[in-house]
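Trainee: Take this structure first; my questions come after.
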Amino acid sequence: MGLLIAVIYLIFVSLGLPDSLLGSGWPAMQVDLNVPSSYAGYVSMTISFMTIISALISPRLIRKVHTKWIVIVSILLTVLGLFGFSFVSAYWMFFIFAVPYGLGAGAIDASINNYVANNFSGSVMNFLHCFYGVGAVISPMIMGLALRTARWNEGYRWTACIQLGILLVVVFSLPLWKKNEKQADEALAESAGISEAIRVPGVLPTLFAFFSYCSGEATCFLWTSSYFAGTKQGLSDEKIASFGSLIFGGLMLGRLISGFVSDKLGDKRLIRIGIVTELIGIGMIMIPAQNYLPAAVGFVVAGTGMGPIYPAIQHMAPANFGKKNSAAVIGLQMAFAYVGSTFMPMLFGNLQQWIGIWIMPYYLLIFALLNISLLEFSYRVIGNAAAAAPRHPWMR
């Protein structure tokens with residue numbers, strides 16, 4: 001079982017590996033392709049759109065195909081997309097290869113999250129998402145090396161080769177998956193579709209809570225450096241750029257800590273502690289100091305608080321909504337997550353143009369409060385539904 005968990009962690013490293021390539025390589029890519037800097041957003045949106053589609057069809061896939069085969073085919077799709085990106089010589093070609101890349105990434109995300117939620121502890125789920133961060137941290141280094149020694153195309157090509165290596169590990173690990181297959185087959189035979197799962201009490205508020213969480217997280221990813229550039233004076237371009245890693249470092253720290261304490265605290269308590277920590281961090285960002293240090297620490301604290309929220313919400317799906325509904329619920333959660341992370345940072349971009357970048361912590365505060373309010377409401381709905389359910393005489 002330990003070897004299988006290690007393979008699953010490696011799969012999530014592979015999921016994170018390509019995610020930072022576009023952002024880290026775009027300044028050089030846009031010059032080569034002779035397009036405006038804003039054009040990166042259209043490629044990113046195409047990838048997100050395909051990931052949403054993949055997440056929505058994942059419950060049907062999970063019902064019919066073992067997780068291990070979904071993972072293998074999905075990694076193949078991401079390899080195809082990455083190799084395709086490495087041969088791009090005109091901007092329009094990105095949209096062709098964004099399709100397999102986005103479809104592959106979404107299927108891996110939904111299927112592995114469902115598999116771990118149903119078969120492993122909250123600790124494993126938190127470490128899983130921490131390993132996604134490991135992959136996302138490595139990819140800018142790969143692109144940086146490519147830009148120093150070759151061209152940006154090689155960054156995609158080298159990453160595709162690493163993905164192929166991970167794919168081989170997954171293929172060789174196929175016997176390790178057999179232990180849970182019989183139990184998984186019985187559960188999947190009865191698993192619900194999206195139309196049935198969305199009517200389960202508590203699912204809808206949980207989906208909008210997930211949307212709210214990912215809206216705040218993605219806004220931090222895209223706009224943290226700009227916040228420091230717009231609100232603090234006298235900072236070098238290099239230092240401003242480095243602030244982009246603050247929220248990400250906080251997320252990894254939060255998930256690492258949660259991996260050690262989640263089984264003891266439980267998912268609900270972990271989420272509550274996380275959101276309180278996030279609110280403290282947002283409060284620190286709001287401090288009207290010219291010195292950048294309070295805001296920098298605030299983003300790390302906010303990220304640390306955000307860390308356990310995403311994995312804990314997904315890990316609760318089987319317990320809250322039943323194993324029968326978990327695949328569909330997690331697929332819906334992934335779709336809502338990508339809608340939030342795709343469109344809400346864009347909305348903030350327009351708002352800050354009209355009002356000013358200083359509104360960022362207030363924007364984050366809205367989504368943090370929405371997140372906790374919707375989750376607490378969903379717990380109440382789930383509790384009421386459980387209390388109203390018919391009980392056998394021997395259960396009284």
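How things are named: the first chain in the structure tokens is A, the next is B, and so on; residues count from 1 in each chain; ligands count from 1 in the order shown.
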Just want the 8 Å neighbourhood of Thr46 (chain A), counted on only C-alpha atoms, with same-chain residues fewer than 3 positions away dropped. Output as a short mmCIF file (atom, residue, chain, number, x, y, z; two decimals) with all heavy atoms, in the first residue's frame.

Mentor:
```
data_model
loop_
_atom_site.label_atom_id
_atom_site.label_comp_id
_atom_site.auth_asym_id
_atom_site.auth_seq_id
_atom_site.Cartn_x
_atom_site.Cartn_y
_atom_site.Cartn_z
N TYR A 42 -5.85 33.68 -23.29
CA TYR A 42 -6.74 32.90 -24.15
C TYR A 42 -6.31 31.43 -24.20
O TYR A 42 -7.16 30.53 -24.23
CB TYR A 42 -6.77 33.50 -25.56
CG TYR A 42 -7.25 34.93 -25.59
CD1 TYR A 42 -6.41 35.96 -25.98
CD2 TYR A 42 -8.56 35.25 -25.21
CE1 TYR A 42 -6.84 37.28 -25.98
CE2 TYR A 42 -9.01 36.56 -25.22
CZ TYR A 42 -8.15 37.57 -25.60
OH TYR A 42 -8.58 38.88 -25.61
N VAL A 43 -5.01 31.20 -24.20
CA VAL A 43 -4.51 29.82 -24.15
C VAL A 43 -4.89 29.18 -22.82
O VAL A 43 -5.39 28.05 -22.76
CB VAL A 43 -2.98 29.76 -24.35
CG1 VAL A 43 -2.48 28.33 -24.27
CG2 VAL A 43 -2.59 30.39 -25.68
N PHE A 49 -11.10 25.44 -20.02
CA PHE A 49 -12.40 25.02 -20.56
C PHE A 49 -12.39 23.52 -20.82
O PHE A 49 -13.36 22.82 -20.49
CB PHE A 49 -12.69 25.79 -21.85
CG PHE A 49 -14.01 25.43 -22.48
CD1 PHE A 49 -15.20 25.78 -21.86
CD2 PHE A 49 -14.05 24.74 -23.68
CE1 PHE A 49 -16.42 25.45 -22.44
CE2 PHE A 49 -15.26 24.40 -24.26
CZ PHE A 49 -16.45 24.75 -23.64
N MET A 50 -11.30 23.00 -21.39
CA MET A 50 -11.21 21.56 -21.64
C MET A 50 -11.14 20.78 -20.33
O MET A 50 -11.68 19.67 -20.22
CB MET A 50 -9.99 21.25 -22.50
CG MET A 50 -9.97 21.91 -23.88
SD MET A 50 -11.55 21.81 -24.77
CE MET A 50 -11.79 20.04 -24.91
N PHE A 95 -3.83 26.39 -29.56
CA PHE A 95 -5.22 26.00 -29.29
C PHE A 95 -5.47 24.54 -29.69
O PHE A 95 -6.34 23.89 -29.11
CB PHE A 95 -6.17 26.94 -30.02
CG PHE A 95 -6.08 28.35 -29.52
CD1 PHE A 95 -5.33 29.30 -30.19
CD2 PHE A 95 -6.72 28.72 -28.34
CE1 PHE A 95 -5.23 30.60 -29.71
CE2 PHE A 95 -6.62 30.02 -27.86
CZ PHE A 95 -5.87 30.95 -28.54
N ALA A 98 -3.86 22.54 -26.77
CA ALA A 98 -4.48 22.81 -25.47
C ALA A 98 -5.61 21.83 -25.20
O ALA A 98 -5.94 21.55 -24.04
CB ALA A 98 -5.01 24.24 -25.42
N VAL A 99 -6.20 21.28 -26.27
CA VAL A 99 -7.34 20.36 -26.11
C VAL A 99 -6.92 19.06 -25.41
O VAL A 99 -7.47 18.73 -24.35
CB VAL A 99 -8.02 20.07 -27.47
CG1 VAL A 99 -9.09 18.99 -27.32
CG2 VAL A 99 -8.62 21.35 -28.03
N GLY A 102 -5.63 19.86 -21.72
CA GLY A 102 -6.68 20.19 -20.75
C GLY A 102 -7.53 18.98 -20.40
O GLY A 102 -7.87 18.77 -19.23
#
```

Trainee: Just asking: which residues within region 115-273 of chain A are alpha helix (DSSP H) according to DSSP, as a CSV table (one decimal) with N, CA and C atoms, in the first residue's frame?

Mentor:
```
chain,number,residue,atom,x,y,z
A,115,TYR,N,-10.4,8.6,-6.0
A,115,TYR,CA,-9.8,7.4,-5.5
A,115,TYR,C,-9.2,7.5,-4.1
A,116,VAL,N,-8.5,8.6,-3.9
A,116,VAL,CA,-7.9,8.8,-2.6
A,116,VAL,C,-9.0,9.1,-1.5
A,117,ALA,N,-10.0,9.9,-1.9
A,117,ALA,CA,-11.1,10.2,-0.9
A,117,ALA,C,-11.8,9.0,-0.5
A,118,ASN,N,-11.9,8.0,-1.3
A,118,ASN,CA,-12.7,6.7,-1.0
A,118,ASN,C,-11.8,5.7,-0.4
A,119,ASN,N,-10.5,5.8,-0.5
A,119,ASN,CA,-9.6,4.7,-0.1
A,119,ASN,C,-8.6,5.0,0.9
A,122,GLY,N,-7.5,11.4,5.4
A,122,GLY,CA,-7.3,12.9,5.1
A,122,GLY,C,-5.9,13.3,5.0
A,123,SER,N,-5.0,12.6,5.8
A,123,SER,CA,-3.6,12.9,5.8
A,123,SER,C,-3.0,12.6,4.4
A,124,VAL,N,-3.4,11.5,3.8
A,124,VAL,CA,-2.9,11.2,2.4
A,124,VAL,C,-3.4,12.2,1.4
A,125,MET,N,-4.6,12.7,1.6
A,125,MET,CA,-5.2,13.7,0.7
A,125,MET,C,-4.4,15.0,0.8
A,126,ASN,N,-4.1,15.4,2.0
A,126,ASN,CA,-3.3,16.7,2.1
A,126,ASN,C,-1.9,16.5,1.5
A,127,PHE,N,-1.3,15.4,1.8
A,127,PHE,CA,0.1,15.2,1.2
A,127,PHE,C,0.0,15.2,-0.3
A,128,LEU,N,-1.1,14.6,-0.8
A,128,LEU,CA,-1.3,14.5,-2.3
A,128,LEU,C,-1.3,15.9,-2.9
A,129,HIS,N,-2.0,16.8,-2.3
A,129,HIS,CA,-2.1,18.1,-2.9
A,129,HIS,C,-0.8,18.9,-2.7
A,130,CYS,N,0.0,18.5,-1.6
A,130,CYS,CA,1.3,19.1,-1.4
A,130,CYS,C,2.2,18.7,-2.6
A,131,PHE,N,2.1,17.5,-3.0
A,131,PHE,CA,3.0,17.0,-4.1
A,131,PHE,C,2.6,17.6,-5.4
A,132,TYR,N,1.4,18.0,-5.6
A,132,TYR,CA,1.0,18.8,-6.8
A,132,TYR,C,1.9,20.1,-6.8
A,133,GLY,N,2.0,20.7,-5.6
A,133,GLY,CA,2.8,21.9,-5.5
A,133,GLY,C,4.3,21.7,-5.8
A,134,VAL,N,4.8,20.5,-5.5
A,134,VAL,CA,6.2,20.2,-5.8
A,134,VAL,C,6.4,20.2,-7.4
A,135,GLY,N,5.4,19.6,-8.1
A,135,GLY,CA,5.5,19.7,-9.5
A,135,GLY,C,5.4,21.1,-10.1
A,136,ALA,N,4.5,21.9,-9.5
A,136,ALA,CA,4.3,23.3,-10.0
A,136,ALA,C,5.5,24.1,-9.7
A,137,VAL,N,6.3,23.8,-8.6
A,137,VAL,CA,7.5,24.6,-8.3
A,137,VAL,C,8.7,24.2,-9.2
A,138,ILE,N,8.7,22.9,-9.6
A,138,ILE,CA,9.8,22.4,-10.5
A,138,ILE,C,9.7,23.0,-11.9
A,139,SER,N,8.5,23.1,-12.4
A,139,SER,CA,8.4,23.5,-13.8
A,139,SER,C,9.0,24.8,-14.2
A,140,PRO,N,8.8,25.9,-13.4
A,140,PRO,CA,9.5,27.1,-13.8
A,140,PRO,C,11.0,27.0,-13.8
A,141,MET,N,11.6,26.1,-13.0
A,141,MET,CA,13.0,25.8,-13.1
A,141,MET,C,13.4,25.2,-14.4
A,142,ILE,N,12.6,24.2,-14.9
A,142,ILE,CA,12.8,23.6,-16.2
A,142,ILE,C,12.7,24.6,-17.3
A,143,MET,N,11.7,25.5,-17.2
A,143,MET,CA,11.6,26.5,-18.3
A,143,MET,C,12.8,27.5,-18.2
A,144,GLY,N,13.2,27.9,-17.0
A,144,GLY,CA,14.3,28.8,-16.8
A,144,GLY,C,15.6,28.2,-17.4
A,145,LEU,N,15.8,26.9,-17.2
A,145,LEU,CA,17.0,26.2,-17.7
A,145,LEU,C,16.9,26.2,-19.3
A,146,ALA,N,15.7,26.0,-19.8
A,146,ALA,CA,15.6,25.9,-21.2
A,146,ALA,C,15.8,27.3,-21.8
A,147,LEU,N,15.4,28.4,-21.2
A,147,LEU,CA,15.6,29.7,-21.7
A,147,LEU,C,17.0,30.1,-21.6
A,148,ARG,N,17.8,29.6,-20.7
A,148,ARG,CA,19.2,29.9,-20.5
A,148,ARG,C,20.0,29.2,-21.5
A,149,THR,N,19.7,27.9,-21.8
A,149,THR,CA,20.5,27.1,-22.6
A,149,THR,C,20.0,26.8,-24.0
A,152,TRP,N,12.4,28.3,-25.4
A,152,TRP,CA,11.3,27.9,-24.6
A,152,TRP,C,10.6,26.6,-25.0
A,153,ASN,N,10.7,26.3,-26.3
A,153,ASN,CA,10.2,25.0,-26.8
A,153,ASN,C,10.8,23.8,-26.1
A,154,GLU,N,12.1,23.9,-25.8
A,154,GLU,CA,12.7,22.8,-25.1
A,154,GLU,C,12.2,22.6,-23.7
A,155,GLY,N,11.7,23.6,-23.0
A,155,GLY,CA,11.1,23.5,-21.7
A,155,GLY,C,9.9,22.6,-21.7
A,156,TYR,N,9.0,22.8,-22.8
A,156,TYR,CA,7.9,21.9,-22.9
A,156,TYR,C,8.3,20.4,-23.3
A,157,ARG,N,9.4,20.3,-24.2
A,157,ARG,CA,9.8,19.0,-24.6
A,157,ARG,C,10.4,18.2,-23.4
A,158,TRP,N,11.3,18.9,-22.6
A,158,TRP,CA,11.9,18.2,-21.4
A,158,TRP,C,10.8,17.8,-20.5
A,159,THR,N,9.8,18.6,-20.2
A,159,THR,CA,8.7,18.3,-19.3
A,159,THR,C,7.9,17.1,-19.9
A,160,ALA,N,7.7,17.1,-21.2
A,160,ALA,CA,7.0,15.9,-21.8
A,160,ALA,C,7.8,14.6,-21.6
A,161,CYS,N,9.1,14.7,-21.6
A,161,CYS,CA,10.0,13.5,-21.4
A,161,CYS,C,9.9,13.1,-20.0
A,162,ILE,N,9.8,14.0,-19.0
A,162,ILE,CA,9.7,13.6,-17.6
A,162,ILE,C,8.3,13.0,-17.4
A,163,GLN,N,7.3,13.5,-18.1
A,163,GLN,CA,5.9,12.9,-18.0
A,163,GLN,C,5.9,11.5,-18.5
A,164,LEU,N,6.7,11.3,-19.6
A,164,LEU,CA,6.8,9.9,-20.1
A,164,LEU,C,7.4,9.0,-19.1
A,165,GLY,N,8.4,9.4,-18.4
A,165,GLY,CA,9.1,8.6,-17.4
A,165,GLY,C,8.1,8.3,-16.3
A,166,ILE,N,7.3,9.3,-15.9
A,166,ILE,CA,6.2,9.0,-14.8
A,166,ILE,C,5.2,8.0,-15.3
A,167,LEU,N,4.9,8.2,-16.6
A,167,LEU,CA,3.9,7.2,-17.2
A,167,LEU,C,4.4,5.8,-17.1
A,168,LEU,N,5.7,5.6,-17.4
A,168,LEU,CA,6.3,4.3,-17.3
A,168,LEU,C,6.2,3.7,-15.9
A,169,VAL,N,6.4,4.6,-14.9
A,169,VAL,CA,6.3,4.2,-13.5
A,169,VAL,C,4.9,3.7,-13.2
A,170,VAL,N,3.9,4.5,-13.7
A,170,VAL,CA,2.5,4.1,-13.5
A,170,VAL,C,2.2,2.8,-14.1
A,171,VAL,N,2.7,2.6,-15.3
A,171,VAL,CA,2.4,1.3,-16.0
A,171,VAL,C,3.0,0.1,-15.3
A,172,PHE,N,4.2,0.3,-14.8
A,172,PHE,CA,4.9,-0.8,-14.0
A,172,PHE,C,4.2,-1.0,-12.6
A,181,GLU,N,-9.4,-3.0,-6.2
A,181,GLU,CA,-10.2,-3.1,-7.4
A,181,GLU,C,-11.6,-3.7,-7.1
A,182,LYS,N,-11.6,-4.8,-6.4
A,182,LYS,CA,-12.9,-5.5,-6.1
A,182,LYS,C,-13.8,-4.6,-5.4
A,183,GLN,N,-13.4,-4.0,-4.3
A,183,GLN,CA,-14.2,-3.0,-3.6
A,183,GLN,C,-14.6,-1.8,-4.4
A,184,ALA,N,-13.7,-1.4,-5.3
A,184,ALA,CA,-14.0,-0.2,-6.1
A,184,ALA,C,-15.0,-0.6,-7.2
A,185,ASP,N,-14.9,-1.8,-7.7
A,185,ASP,CA,-15.9,-2.3,-8.7
A,185,ASP,C,-17.3,-2.3,-8.2
A,186,GLU,N,-17.5,-2.8,-6.9
A,186,GLU,CA,-18.8,-2.9,-6.3
A,186,GLU,C,-19.3,-1.5,-6.1
A,187,ALA,N,-18.5,-0.5,-5.6
A,187,ALA,CA,-18.9,0.8,-5.4
A,187,ALA,C,-19.3,1.5,-6.7
A,188,LEU,N,-18.5,1.3,-7.7
A,188,LEU,CA,-18.7,2.0,-9.0
A,188,LEU,C,-19.9,1.5,-9.7
A,189,ALA,N,-20.3,0.2,-9.5
A,189,ALA,CA,-21.5,-0.3,-10.1
A,189,ALA,C,-22.7,0.4,-9.7
A,194,ILE,N,-24.2,12.8,-12.5
A,194,ILE,CA,-24.2,14.2,-12.1
A,194,ILE,C,-25.6,14.6,-11.8
A,195,SER,N,-26.6,14.3,-12.6
A,195,SER,CA,-27.9,14.8,-12.4
A,195,SER,C,-28.5,14.3,-11.1
A,196,GLU,N,-28.2,13.1,-10.7
A,196,GLU,CA,-28.7,12.5,-9.5
A,196,GLU,C,-27.9,13.1,-8.3
A,197,ALA,N,-26.6,13.2,-8.4
A,197,ALA,CA,-25.7,13.7,-7.3
A,197,ALA,C,-26.0,15.1,-6.9
A,203,VAL,N,-25.1,19.3,-1.5
A,203,VAL,CA,-24.1,19.3,-2.6
A,203,VAL,C,-24.0,20.7,-3.2
A,204,LEU,N,-25.1,21.4,-3.5
A,204,LEU,CA,-25.0,22.7,-4.2
A,204,LEU,C,-24.2,23.7,-3.4
A,205,PRO,N,-24.5,23.9,-2.1
A,205,PRO,CA,-23.8,24.9,-1.3
A,205,PRO,C,-22.3,24.5,-1.3
A,206,THR,N,-22.0,23.2,-1.2
A,206,THR,CA,-20.6,22.8,-1.2
A,206,THR,C,-19.9,23.2,-2.5
A,207,LEU,N,-20.6,23.1,-3.6
A,207,LEU,CA,-20.0,23.4,-4.9
A,207,LEU,C,-19.7,24.9,-5.0
A,208,PHE,N,-20.6,25.7,-4.5
A,208,PHE,CA,-20.4,27.2,-4.5
A,208,PHE,C,-19.3,27.6,-3.5
A,209,ALA,N,-19.2,26.8,-2.4
A,209,ALA,CA,-18.1,27.1,-1.5
A,209,ALA,C,-16.8,26.8,-2.2
A,210,PHE,N,-16.7,25.7,-3.0
A,210,PHE,CA,-15.5,25.3,-3.7
A,210,PHE,C,-15.2,26.4,-4.7
A,211,PHE,N,-16.2,26.9,-5.4
A,211,PHE,CA,-16.0,28.0,-6.4
A,211,PHE,C,-15.4,29.2,-5.7
A,212,SER,N,-15.9,29.5,-4.5
A,212,SER,CA,-15.5,30.7,-3.7
A,212,SER,C,-14.0,30.5,-3.3
A,213,TYR,N,-13.7,29.3,-2.8
A,213,TYR,CA,-12.3,29.1,-2.4
A,213,TYR,C,-11.3,29.3,-3.6
A,214,CYS,N,-11.6,28.6,-4.7
A,214,CYS,CA,-10.7,28.7,-5.8
A,214,CYS,C,-10.7,30.0,-6.5
A,215,SER,N,-11.7,30.8,-6.4
A,215,SER,CA,-11.7,32.2,-6.9
A,215,SER,C,-10.6,33.0,-6.1
A,216,GLY,N,-10.6,32.9,-4.8
A,216,GLY,CA,-9.6,33.6,-4.0
A,216,GLY,C,-8.2,33.1,-4.2
A,217,GLU,N,-8.1,31.8,-4.3
A,217,GLU,CA,-6.7,31.2,-4.5
A,217,GLU,C,-6.1,31.7,-5.8
A,218,ALA,N,-6.9,31.5,-6.9
A,218,ALA,CA,-6.4,31.9,-8.2
A,218,ALA,C,-6.1,33.4,-8.4
A,219,THR,N,-6.9,34.2,-7.7
A,219,THR,CA,-6.7,35.6,-7.7
A,219,THR,C,-5.3,36.0,-7.1
A,220,CYS,N,-5.0,35.3,-6.0
A,220,CYS,CA,-3.7,35.4,-5.4
A,220,CYS,C,-2.6,35.0,-6.3
A,221,PHE,N,-2.8,33.9,-7.0
A,221,PHE,CA,-1.7,33.4,-7.9
A,221,PHE,C,-1.4,34.4,-9.0
A,222,LEU,N,-2.5,35.1,-9.5
A,222,LEU,CA,-2.3,36.0,-10.7
A,222,LEU,C,-1.9,37.4,-10.3
A,223,TRP,N,-2.4,37.9,-9.1
A,223,TRP,CA,-2.3,39.3,-8.8
A,223,TRP,C,-1.4,39.7,-7.6
A,224,THR,N,-0.8,38.7,-6.9
A,224,THR,CA,0.0,39.1,-5.7
A,224,THR,C,1.1,40.0,-6.1
A,225,SER,N,1.9,39.7,-7.1
A,225,SER,CA,3.0,40.6,-7.5
A,225,SER,C,2.6,42.0,-7.9
A,226,SER,N,1.5,42.0,-8.6
A,226,SER,CA,0.9,43.3,-9.0
A,226,SER,C,0.4,44.1,-7.8
A,227,TYR,N,-0.1,43.4,-6.7
A,227,TYR,CA,-0.5,44.1,-5.5
A,227,TYR,C,0.7,44.9,-4.9
A,228,PHE,N,1.8,44.2,-4.8
A,228,PHE,CA,3.0,44.9,-4.2
A,228,PHE,C,3.5,46.0,-5.1
A,229,ALA,N,3.5,45.8,-6.5
A,229,ALA,CA,3.9,46.8,-7.4
A,229,ALA,C,3.1,48.1,-7.3
A,230,GLY,N,1.7,47.9,-7.0
A,230,GLY,CA,0.8,49.0,-7.0
A,230,GLY,C,0.6,49.7,-5.7
A,231,THR,N,1.1,49.0,-4.6
A,231,THR,CA,0.8,49.6,-3.2
A,231,THR,C,2.1,49.9,-2.4
A,237,ASP,N,12.1,45.3,-9.7
A,237,ASP,CA,11.3,44.3,-10.5
A,237,ASP,C,11.5,42.9,-10.0
A,238,GLU,N,12.7,42.6,-9.7
A,238,GLU,CA,13.1,41.2,-9.3
A,238,GLU,C,12.4,40.8,-8.0
A,239,LYS,N,12.4,41.8,-7.0
A,239,LYS,CA,11.7,41.5,-5.7
A,239,LYS,C,10.2,41.4,-5.9
A,240,ILE,N,9.6,42.3,-6.7
A,240,ILE,CA,8.2,42.2,-7.0
A,240,ILE,C,7.8,40.9,-7.6
A,241,ALA,N,8.6,40.4,-8.5
A,241,ALA,CA,8.3,39.1,-9.2
A,241,ALA,C,8.4,38.0,-8.1
A,242,SER,N,9.3,38.1,-7.2
A,242,SER,CA,9.5,37.0,-6.2
A,242,SER,C,8.3,36.9,-5.3
A,246,LEU,N,4.8,33.8,-2.7
A,246,LEU,CA,4.4,33.8,-1.3
A,246,LEU,C,3.2,32.9,-1.0
A,247,ILE,N,2.1,33.1,-1.8
A,247,ILE,CA,0.9,32.4,-1.6
A,247,ILE,C,1.1,30.9,-1.8
A,248,PHE,N,1.9,30.6,-2.8
A,248,PHE,CA,2.1,29.2,-3.2
A,248,PHE,C,2.9,28.5,-2.1
A,249,GLY,N,3.9,29.2,-1.6
A,249,GLY,CA,4.7,28.7,-0.5
A,249,GLY,C,3.8,28.4,0.7
A,250,GLY,N,2.9,29.4,1.0
A,250,GLY,CA,2.0,29.2,2.1
A,250,GLY,C,1.1,28.0,1.9
A,251,LEU,N,0.6,27.8,0.7
A,251,LEU,CA,-0.3,26.6,0.4
A,251,LEU,C,0.5,25.3,0.7
A,252,MET,N,1.7,25.2,0.2
A,252,MET,CA,2.5,24.0,0.4
A,252,MET,C,2.7,23.8,1.9
A,253,LEU,N,3.0,24.8,2.6
A,253,LEU,CA,3.3,24.7,4.1
A,253,LEU,C,2.0,24.3,4.8
A,254,GLY,N,0.9,24.9,4.4
A,254,GLY,CA,-0.4,24.5,5.0
A,254,GLY,C,-0.8,23.0,4.8
A,255,ARG,N,-0.5,22.6,3.6
A,255,ARG,CA,-0.9,21.2,3.3
A,255,ARG,C,0.1,20.2,3.9
A,256,LEU,N,1.4,20.6,4.0
A,256,LEU,CA,2.3,19.8,4.7
A,256,LEU,C,2.0,19.6,6.2
A,257,ILE,N,1.7,20.7,6.9
A,257,ILE,CA,1.3,20.7,8.3
A,257,ILE,C,0.0,19.8,8.4
A,258,SER,N,-1.0,20.1,7.5
A,258,SER,CA,-2.2,19.3,7.6
A,258,SER,C,-2.1,17.9,7.4
A,259,GLY,N,-1.1,17.5,6.6
A,259,GLY,CA,-0.9,16.0,6.4
A,259,GLY,C,-0.5,15.3,7.7
A,260,PHE,N,0.1,16.0,8.6
A,260,PHE,CA,0.5,15.4,9.9
A,260,PHE,C,-0.6,15.5,10.9
A,261,VAL,N,-1.6,16.4,10.8
A,261,VAL,CA,-2.6,16.6,11.9
A,261,VAL,C,-4.0,16.3,11.4
A,262,SER,N,-4.2,16.1,10.1
A,262,SER,CA,-5.6,16.0,9.7
A,262,SER,C,-6.4,14.8,10.2
A,263,ASP,N,-5.7,13.7,10.4
A,263,ASP,CA,-6.4,12.5,10.9
A,263,ASP,C,-6.8,12.7,12.4
A,264,LYS,N,-6.1,13.5,13.1
A,264,LYS,CA,-6.4,13.8,14.5
A,264,LYS,C,-7.5,14.9,14.6
A,265,LEU,N,-7.4,15.9,13.8
A,265,LEU,CA,-8.4,17.0,13.8
A,265,LEU,C,-9.7,16.8,13.1
A,267,ASP,N,-11.7,16.7,9.1
A,267,ASP,CA,-11.8,17.6,7.9
A,267,ASP,C,-12.5,18.9,8.3
A,268,LYS,N,-13.6,18.8,9.0
A,268,LYS,CA,-14.3,20.1,9.3
A,268,LYS,C,-13.5,21.0,10.2
A,269,ARG,N,-12.9,20.5,11.3
A,269,ARG,CA,-12.1,21.3,12.2
A,269,ARG,C,-10.9,21.9,11.4
A,270,LEU,N,-10.3,21.1,10.6
A,270,LEU,CA,-9.2,21.6,9.8
A,270,LEU,C,-9.6,22.7,8.9
A,271,ILE,N,-10.7,22.6,8.2
A,271,ILE,CA,-11.2,23.7,7.4
A,271,ILE,C,-11.5,25.0,8.2
A,272,ARG,N,-12.1,24.8,9.3
A,272,ARG,CA,-12.4,26.0,10.2
A,272,ARG,C,-11.1,26.7,10.6
A,273,ILE,N,-10.2,25.9,11.1
A,273,ILE,CA,-8.9,26.5,11.5
A,273,ILE,C,-8.2,27.2,10.3
```

Trainee: If you measure from CA of Asp32 (chain A) to CA of Ile75 (chain A), what distance in Å do you get, rounded to one decimal?

Mentor: 28.1 Å

Trainee: May I ask for the distance between CA of Ile47 (chain A) and CA of Ala328 (chain A), given in Å to one decimal place?

Mentor: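 That distance, rounded to one decimal, is 21.3 Å.
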
Trainee: Can you tell me, as a count of residues only, what residues are no more than 12 Å from Trp92 (chain A) when counting only C-alpha atoms, ignoring any on the same chain fewer than 2 positions away?

Mentor: 17

Trainee: Which residue out of A:Ile357, A:Lys64, A:Gln233, A:Val13 has the minimum interatomic distance to Asn291 (chain A) when only C-alpha atoms are used?

Mentor: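 Checking each of A:Ile357, A:Lys64, A:Gln233, A:Val13 against Asn291 (chain A), counting only C-alpha atoms, the winner is A:Gln233.
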
Trainee: Could you check which of A:Gly81, A:Gly244, A:Pro294, A:Gly106 is closest to Phe12 (chain A), using only C-alpha atoms?

Mentor: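 So, comparing all the options, the nearest one is A:Gly106.
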